[in-house]
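All remarks here apply to the structure that follows.
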Protein chains: 2
Amino acid sequence: MRTIEWREEGTVVTINQLKLPHETEFLELRTCDEVAEAIKTMKIRGAPLLGAAAAYALALTAHYSKAKDKKALIRELEAAAEKLRKTRPTGVNLFWAVDRILDKAHTFNGSARELAAMVVEEAKKIADEDAMANRAIGRHGAQLLEDGDVVLTHCNAGALATVEYGTALGVVRAAVEQGKKISVIATETRPKLQGARLTTYELKRDGIPVMLISDTMVGYVMYRRMVDKVIVGADRIVRDAVINKIGTYQIAVLAKEHGIPFYVAAPKSTFDPTRTSTEVPIEERSPEEVLYVGGERIAPEGVAVFNPAFDITPLKYVTAIICEDGILYKGDFSSLSRTAEKQ
Amino acid sequence: MRTIEWREEGTVVTINQLKLPHETEFLELRTCDEVAEAIKTMKIRGAPLLGAAAAYALALTAHYSKAKDKKALIRELEAAAEKLRKTRPTGVNLFWAVDRILDKAHTFNGSARELAAMVVEEAKKIADEDAMANRAIGRHGAQLLEDGDVVLTHCNAGALATVEYGTALGVVRAAVEQGKKISVIATETRPKLQGARLTTYELKRDGIPVMLISDTMVGYVMYRRMVDKVIVGADRIVRDAVINKIGTYQIAVLAKEHGIPFYVAAPKSTFDPTRTSTEVPIEERSPEEVLYVGGERIAPEGVAVFNPAFDITPLKYVTAIICEDGILYKGDFSSLSRTAEKQ
């Protein structure tokens, strides 16, 4: 199934990712507030999925609106958009999806009812496009993988981070579908452990061999030549850098030091060529995420904690970006802006 | 107090490091087997401390021996040594301490009773020397720190890893005693979390400011220029590399990439100039250490895990080694062998 689905009676169904891998709990969300809360608490996570989730949150607002005219509905959509924009600041797909729907709403001619229907359709389109983009990313990226390759990935850029199939893991899946034998090394990805909890779960379910390591072991597995390629996702690709889950940057530096290609797989909805990395807020989350693993406290009371959720990987460490249009190599990065502006 | 102490009635008292920081439980050990078991399970850990613990384990063997002659006691000591050597293969201090005592025993002239007394005294001397070496390391290393420096350290190379004072943290302590304002960034150090559990605990107790980060955040804190120096300990320093807690190597690579000095603080009992890194077994520990944090399982059933406990940092990444004799800079590393052989 897809990670997120719209039901015509006005329900968004998605998996509670905090409960994985031990429990598969489906959330049935009916308001924008419920979606926003699920995003904040990371029950829903993964940049492309956040785009679809935000779009569906606006669809819920539209679907249940009692607004009598278009203007009133647009005001409601704008209020909902404002709530969504305040959930998580770093990934761009959420902002992109919200803006895309609002832009369409502003230029829409028709009744409130027709506008509501348009918003629902546009949200479904955003989700469908993400699923298709992932397939295309997989198709393009699979060319980069050879039979027998071991791919190191960080965090979860899989089906669970997207509407379906995945970005980084989509590339792995596509290569496996082509008959290549690929295995994956998954970093556990502290503090939220998306690699341990989600990436291993997805790959095991698909029968793709996966080995879990602690984040401290990346350098050593590269030193031992156990890694052929690195593929990660992205939360925002700006003019000068890839912004992704904390820990990505150091993996990129290590890949460069060992001559290992470092690929970023992301749909164009992740591109933000109007900004540079200094203009993007890096979300800092609660110290408790570092201090606790489940119910287990790992440090003494009163210890100061730094908990940035993302980091910044300058493009010089990136071998290529794999998007739905194809593979952008170093020389092509300058076309990032044009590619994205064309959208 | 010291991390490990000999009581004249024939007891070794030490802290159960698995229970820290939540509980301070003292272990009272009376047999070599009890010490060996505490080492295997990491109730006792830290390369220099393992040297002292192994020496005290032989002291317990000697103290309680009913051997009638010197030869019989030596056989008992050799059997005890064999058990100790099988506990943990990578750190060298344990082997060094065991060999030092056995060498002395082999050339000893006297009765079994006199030999037993000698073994106990030699073990106490090894512990005392470690405490003194740490003070000297602190004194030498403190010159390298400037007022206001932020020091990043990995794992725990503090008082808890040694007989007292610490190696990497000994340098920090000595600088603070000189009136310098030093603060520390501690990596949590998965999988066993010695940074989160032990380093923060020690530093808080001493009133030295410490900030905890996940292992994924090392690159980002360097990128943000939040780190002035890195200081770590070592489990074995061979001709071509420093072997230390898993995660050390990648921190060294990152330090080099950011132009941050990378210092290793270790007593000469850690030096093994007769070997190169390929000749040292890198201990792999149980997958459960990665799969569980306390009682909390972090990955699905049936996932493969790689859990090396140490990694290898080639000397080209090391700015200087701080030992009790002084500071060895890159150019002086060739003297490692001579320094160590003189011991």
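Residues in the structure tokens are named by chain (A, B, ... in the order shown) and by number from 1 within that chain; ligands are numbered from 1 in the order shown.
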
Kindly provide, as a short mmCIF file (atom, residue, chain, number, x, y, z; two decimals) with N, CA and C atoms, in the first residue's frame, the residues of chain A having any atom no farther than 9 Å from an atom of chain B, counting only C-alpha atoms.
data_model
loop_
_atom_site.label_atom_id
_atom_site.label_comp_id
_atom_site.auth_asym_id
_atom_site.auth_seq_id
_atom_site.Cartn_x
_atom_site.Cartn_y
_atom_site.Cartn_z
N LEU A 20 6.60 2.02 14.41
CA LEU A 20 7.34 1.01 13.64
C LEU A 20 8.70 0.77 14.27
N PRO A 21 9.31 -0.39 14.15
CA PRO A 21 8.86 -1.57 13.41
C PRO A 21 8.01 -2.53 14.24
N HIS A 22 7.77 -2.17 15.51
CA HIS A 22 7.17 -3.16 16.40
C HIS A 22 5.67 -3.29 16.17
N GLU A 188 21.96 3.53 11.92
CA GLU A 188 20.79 3.57 12.79
C GLU A 188 20.15 4.96 12.84
N THR A 189 20.98 6.02 12.68
CA THR A 189 20.50 7.40 12.58
C THR A 189 19.91 7.92 13.88
N ARG A 190 20.82 8.10 14.84
CA ARG A 190 20.40 8.75 16.07
C ARG A 190 20.17 10.22 15.82
N PRO A 191 19.29 10.88 16.55
CA PRO A 191 18.59 10.32 17.71
C PRO A 191 17.30 9.56 17.41
N LEU A 193 16.50 7.31 15.14
CA LEU A 193 16.67 5.90 14.76
C LEU A 193 15.83 5.47 13.55
N GLY A 195 16.85 4.87 10.63
CA GLY A 195 17.54 3.82 9.89
C GLY A 195 17.29 2.46 10.52
N ALA A 196 17.43 2.40 11.84
CA ALA A 196 17.23 1.13 12.56
C ALA A 196 15.78 0.69 12.50
N ARG A 197 14.87 1.66 12.65
CA ARG A 197 13.46 1.32 12.78
C ARG A 197 12.77 1.14 11.43
N LEU A 198 13.08 2.03 10.48
CA LEU A 198 12.28 2.09 9.25
C LEU A 198 12.98 1.48 8.04
N THR A 200 15.56 -0.69 7.84
CA THR A 200 15.73 -2.15 7.95
C THR A 200 14.38 -2.84 7.76
N TYR A 201 13.32 -2.25 8.30
CA TYR A 201 11.96 -2.82 8.22
C TYR A 201 11.50 -2.92 6.77
N LYS A 204 13.82 -5.45 4.72
CA LYS A 204 13.55 -6.84 5.11
C LYS A 204 12.24 -7.31 4.46
N PRO A 209 18.80 -7.62 1.18
CA PRO A 209 19.70 -7.79 2.32
C PRO A 209 20.12 -6.45 2.92
N VAL A 210 20.04 -6.37 4.24
CA VAL A 210 20.39 -5.12 4.92
C VAL A 210 21.16 -5.43 6.19
N MET A 211 22.19 -4.63 6.44
CA MET A 211 22.97 -4.76 7.66
C MET A 211 22.92 -3.44 8.42
N LEU A 212 22.59 -3.53 9.68
CA LEU A 212 22.46 -2.34 10.53
C LEU A 212 23.80 -2.03 11.21
N ILE A 213 24.18 -0.76 11.20
CA ILE A 213 25.36 -0.32 11.97
C ILE A 213 24.99 0.90 12.82
N SER A 214 25.76 1.10 13.88
CA SER A 214 25.65 2.36 14.62
C SER A 214 26.27 3.48 13.79
N ASP A 215 25.88 4.71 14.10
CA ASP A 215 26.40 5.86 13.35
C ASP A 215 27.91 6.02 13.51
N THR A 216 28.47 5.47 14.56
CA THR A 216 29.92 5.53 14.80
C THR A 216 30.71 4.65 13.83
N MET A 217 30.03 3.76 13.09
CA MET A 217 30.73 2.74 12.32
C MET A 217 30.90 3.08 10.84
N VAL A 218 30.38 4.23 10.42
CA VAL A 218 30.43 4.60 9.00
C VAL A 218 31.87 4.66 8.50
N GLY A 219 32.73 5.36 9.25
CA GLY A 219 34.12 5.49 8.82
C GLY A 219 34.78 4.13 8.69
N TYR A 220 34.55 3.28 9.67
CA TYR A 220 35.23 1.97 9.68
C TYR A 220 34.75 1.08 8.53
N TYR A 223 36.55 2.35 5.58
CA TYR A 223 37.97 2.00 5.72
C TYR A 223 38.19 0.54 5.33
N ILE A 246 20.42 15.01 10.04
CA ILE A 246 21.68 15.16 10.76
C ILE A 246 22.52 13.87 10.61
N GLY A 247 23.78 14.05 10.28
CA GLY A 247 24.67 12.92 10.07
C GLY A 247 25.01 12.70 8.60
N THR A 248 24.22 13.34 7.72
CA THR A 248 24.47 13.20 6.28
C THR A 248 25.81 13.82 5.90
N TYR A 249 26.05 15.01 6.43
CA TYR A 249 27.27 15.75 6.07
C TYR A 249 28.53 14.93 6.37
N GLN A 250 28.58 14.34 7.55
CA GLN A 250 29.81 13.62 7.89
C GLN A 250 29.97 12.37 7.02
N ILE A 251 28.87 11.78 6.61
CA ILE A 251 28.97 10.62 5.71
C ILE A 251 29.52 11.08 4.36
N VAL A 253 31.54 13.65 3.81
CA VAL A 253 32.98 13.93 3.97
C VAL A 253 33.75 12.61 3.95
N LEU A 254 33.23 11.61 4.66
CA LEU A 254 33.91 10.31 4.71
C LEU A 254 33.91 9.64 3.33
N GLU A 257 36.62 11.21 1.31
CA GLU A 257 37.94 10.78 1.78
C GLU A 257 38.28 9.38 1.27
N VAL A 290 17.46 13.10 22.33
CA VAL A 290 18.82 12.56 22.52
C VAL A 290 18.91 11.83 23.86
N LEU A 291 18.25 12.38 24.87
CA LEU A 291 18.41 11.86 26.25
C LEU A 291 17.68 10.55 26.50
N VAL A 293 16.01 6.85 24.83
CA VAL A 293 15.71 5.91 23.74
C VAL A 293 14.55 5.09 24.27
N GLY A 294 13.37 5.30 23.67
CA GLY A 294 12.17 4.72 24.24
C GLY A 294 12.03 5.25 25.67
N GLY A 295 11.86 4.39 26.61
CA GLY A 295 11.72 4.82 28.00
C GLY A 295 13.05 4.94 28.72
N GLU A 296 14.13 4.64 28.03
CA GLU A 296 15.45 4.50 28.66
C GLU A 296 16.20 5.83 28.63
N ARG A 297 16.52 6.39 29.81
CA ARG A 297 17.32 7.61 29.83
C ARG A 297 18.80 7.23 29.75
N ILE A 298 19.56 7.93 28.88
CA ILE A 298 20.94 7.50 28.64
C ILE A 298 21.98 8.43 29.24
N ALA A 299 21.58 9.50 29.89
CA ALA A 299 22.55 10.45 30.44
C ALA A 299 22.04 11.00 31.76
N PRO A 300 22.96 11.55 32.57
CA PRO A 300 22.52 12.07 33.88
C PRO A 300 21.56 13.24 33.73
N GLY A 302 20.21 16.93 34.01
CA GLY A 302 20.84 18.26 33.97
C GLY A 302 21.93 18.43 32.93
N VAL A 303 22.10 17.45 32.04
CA VAL A 303 23.12 17.57 31.00
C VAL A 303 22.59 18.39 29.83
N ALA A 304 23.41 19.32 29.36
CA ALA A 304 23.03 20.12 28.20
C ALA A 304 23.10 19.26 26.93
N VAL A 305 22.20 19.52 26.00
CA VAL A 305 22.12 18.73 24.78
C VAL A 305 21.98 19.67 23.59
N PHE A 306 22.61 19.31 22.48
CA PHE A 306 22.40 20.01 21.21
C PHE A 306 21.73 19.00 20.29
N ASN A 307 20.59 19.36 19.71
CA ASN A 307 19.86 18.40 18.91
C ASN A 307 19.36 18.99 17.59
N PRO A 308 20.29 19.33 16.70
CA PRO A 308 19.87 19.77 15.36
C PRO A 308 19.33 18.57 14.59
N PHE A 310 18.89 18.42 11.27
CA PHE A 310 19.41 18.37 9.90
C PHE A 310 20.83 18.91 9.87
N ASP A 311 21.53 18.62 8.79
CA ASP A 311 22.80 19.30 8.58
C ASP A 311 22.94 19.69 7.12
N ILE A 312 24.06 20.32 6.81
CA ILE A 312 24.25 20.97 5.51
C ILE A 312 25.45 20.32 4.81
#

For Gly158 (chain A), find every residue with an atom within 6 Å (counting only C-alpha atoms), except residues of its own chain fewer than 3 positions away, and show them as a list in words. Ala161, Gly166, Thr167 and Leu169 of chain A

Could you please determine the separation between CA of Thr87 (chain B) and CA of Cys323 (chain B) in Å, to one decimal place?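 Distance between the two atoms: 25.7 Å.
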
Run DSSP on the backbone of this structure and report the residues of region 183-317 of chain B it assigns to strand (DSSP E), as a PyMOL selection string. chain B and resi 183-187+210-213+229-232+236-238+241-245+262-265+271-272+292-293+296-297+304-305+310-314

How many Å separate CA of Gln178 (chain A) from CA of Lys125 (chain A)? 27.9 Å

Between A:Arg225, A:Lys180, A:Arg75, A:Lys268, single out the one closest to Gly51 (chain A), counting only C-alpha atoms.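 The closest residue to Gly51 (chain A) is A:Lys268.
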
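Note that the spacing between CA of Ala112 (chain A) and CA of Asp69 (chain A) amounts to 4.9 Å.
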
Please provide the set of residues having any atom within 9 Å of Tyr56 (chain B), restricted to only C-alpha atoms, with same-chain residues fewer than 2 positions apart removed, written as a list in words.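 Counting only C-alpha atoms, the residues come to Glu5, Trp6, Val12, Cys32, Val35, Gly51, Ala52, Ala53, Ala54, Leu58, Ala59, Leu60, Thr61, Val119, Val120, Ala123, Lys124 and Ala127 of chain B.
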
Next, the residues of the selection above should be written as a short mmCIF file (atom, residue, chain, number, x, y, z; two decimals), in the first residue's frame with all heavy atoms.
data_model
loop_
_atom_site.label_atom_id
_atom_site.label_comp_id
_atom_site.auth_asym_id
_atom_site.auth_seq_id
_atom_site.Cartn_x
_atom_site.Cartn_y
_atom_site.Cartn_z
N GLU B 5 40.56 -0.10 43.38
CA GLU B 5 41.39 -0.09 44.59
C GLU B 5 41.62 -1.51 45.10
O GLU B 5 40.76 -2.38 44.97
CB GLU B 5 40.70 0.73 45.70
CG GLU B 5 40.95 2.22 45.54
CD GLU B 5 40.32 3.05 46.66
OE1 GLU B 5 39.28 2.62 47.19
OE2 GLU B 5 40.86 4.11 46.97
N TRP B 6 42.78 -1.70 45.70
CA TRP B 6 43.14 -2.97 46.33
C TRP B 6 42.93 -2.84 47.83
O TRP B 6 43.41 -1.87 48.43
CB TRP B 6 44.60 -3.29 46.03
CG TRP B 6 45.11 -4.52 46.74
CD1 TRP B 6 45.85 -4.53 47.90
CD2 TRP B 6 44.94 -5.87 46.36
NE1 TRP B 6 46.15 -5.82 48.26
CE2 TRP B 6 45.60 -6.68 47.33
CE3 TRP B 6 44.29 -6.51 45.30
CZ2 TRP B 6 45.63 -8.07 47.26
CZ3 TRP B 6 44.32 -7.89 45.24
CH2 TRP B 6 44.97 -8.66 46.20
N VAL B 12 39.37 -6.57 45.41
CA VAL B 12 39.48 -5.47 44.45
C VAL B 12 38.13 -4.77 44.40
O VAL B 12 37.11 -5.41 44.14
CB VAL B 12 39.87 -5.99 43.05
CG1 VAL B 12 39.84 -4.86 42.03
CG2 VAL B 12 41.26 -6.63 43.10
N CYS B 32 40.20 -14.09 40.10
CA CYS B 32 40.54 -13.70 38.72
C CYS B 32 39.34 -13.89 37.81
O CYS B 32 39.09 -13.06 36.93
CB CYS B 32 41.72 -14.54 38.25
SG CYS B 32 42.16 -14.23 36.53
N VAL B 35 37.01 -10.98 38.00
CA VAL B 35 37.54 -9.82 37.28
C VAL B 35 37.38 -10.02 35.77
O VAL B 35 36.93 -9.12 35.05
CB VAL B 35 39.02 -9.57 37.64
CG1 VAL B 35 39.59 -8.41 36.80
CG2 VAL B 35 39.18 -9.27 39.13
N GLY B 51 44.33 -2.52 32.24
CA GLY B 51 45.68 -2.91 32.65
C GLY B 51 45.74 -3.11 34.16
O GLY B 51 46.18 -4.15 34.66
N ALA B 52 45.25 -2.12 34.90
CA ALA B 52 45.26 -2.20 36.37
C ALA B 52 44.38 -3.35 36.85
O ALA B 52 44.75 -4.10 37.77
CB ALA B 52 44.79 -0.87 36.96
N ALA B 53 43.23 -3.53 36.22
CA ALA B 53 42.31 -4.60 36.65
C ALA B 53 42.93 -5.98 36.44
O ALA B 53 42.83 -6.87 37.30
CB ALA B 53 40.99 -4.48 35.88
N ALA B 54 43.60 -6.14 35.29
CA ALA B 54 44.25 -7.44 35.02
C ALA B 54 45.38 -7.68 36.03
O ALA B 54 45.56 -8.80 36.53
CB ALA B 54 44.78 -7.45 33.59
N LEU B 58 45.64 -10.82 38.82
CA LEU B 58 46.79 -11.68 39.14
C LEU B 58 47.14 -11.57 40.63
O LEU B 58 47.53 -12.56 41.27
CB LEU B 58 48.00 -11.34 38.27
CG LEU B 58 47.82 -11.61 36.76
CD1 LEU B 58 49.09 -11.25 36.00
CD2 LEU B 58 47.45 -13.07 36.50
N ALA B 59 46.99 -10.37 41.17
CA ALA B 59 47.25 -10.18 42.60
C ALA B 59 46.28 -11.03 43.43
O ALA B 59 46.68 -11.64 44.44
CB ALA B 59 47.11 -8.70 42.96
N LEU B 60 45.02 -11.07 43.01
CA LEU B 60 44.04 -11.92 43.72
C LEU B 60 44.45 -13.40 43.64
O LEU B 60 44.40 -14.13 44.64
CB LEU B 60 42.63 -11.75 43.12
CG LEU B 60 41.92 -10.42 43.38
CD1 LEU B 60 40.64 -10.31 42.53
CD2 LEU B 60 41.58 -10.24 44.86
N THR B 61 44.86 -13.82 42.44
CA THR B 61 45.32 -15.21 42.26
C THR B 61 46.46 -15.51 43.22
O THR B 61 46.47 -16.54 43.91
CB THR B 61 45.79 -15.41 40.80
OG1 THR B 61 44.71 -15.08 39.93
CG2 THR B 61 46.23 -16.84 40.54
N VAL B 119 53.84 -9.98 43.62
CA VAL B 119 52.80 -9.79 42.59
C VAL B 119 51.80 -8.72 43.05
O VAL B 119 51.41 -7.83 42.28
CB VAL B 119 52.08 -11.13 42.26
CG1 VAL B 119 50.85 -10.89 41.39
CG2 VAL B 119 53.05 -12.08 41.55
N VAL B 120 51.39 -8.82 44.30
CA VAL B 120 50.46 -7.81 44.83
C VAL B 120 51.09 -6.42 44.75
O VAL B 120 50.46 -5.44 44.29
CB VAL B 120 50.04 -8.14 46.29
CG1 VAL B 120 49.25 -6.98 46.90
CG2 VAL B 120 49.23 -9.44 46.33
N ALA B 123 51.25 -5.15 41.18
CA ALA B 123 49.92 -4.72 40.70
C ALA B 123 49.61 -3.32 41.23
O ALA B 123 49.12 -2.45 40.49
CB ALA B 123 48.85 -5.72 41.13
N LYS B 124 49.90 -3.10 42.52
CA LYS B 124 49.65 -1.77 43.10
C LYS B 124 50.52 -0.72 42.41
O LYS B 124 50.08 0.41 42.19
CB LYS B 124 49.91 -1.80 44.61
CG LYS B 124 48.77 -2.48 45.39
CD LYS B 124 49.19 -3.10 46.70
CE LYS B 124 49.57 -2.09 47.76
NZ LYS B 124 49.88 -2.79 49.04
N ALA B 127 49.00 0.23 39.09
CA ALA B 127 47.87 1.15 39.30
C ALA B 127 48.39 2.55 39.66
O ALA B 127 47.93 3.56 39.10
CB ALA B 127 46.94 0.61 40.38
#
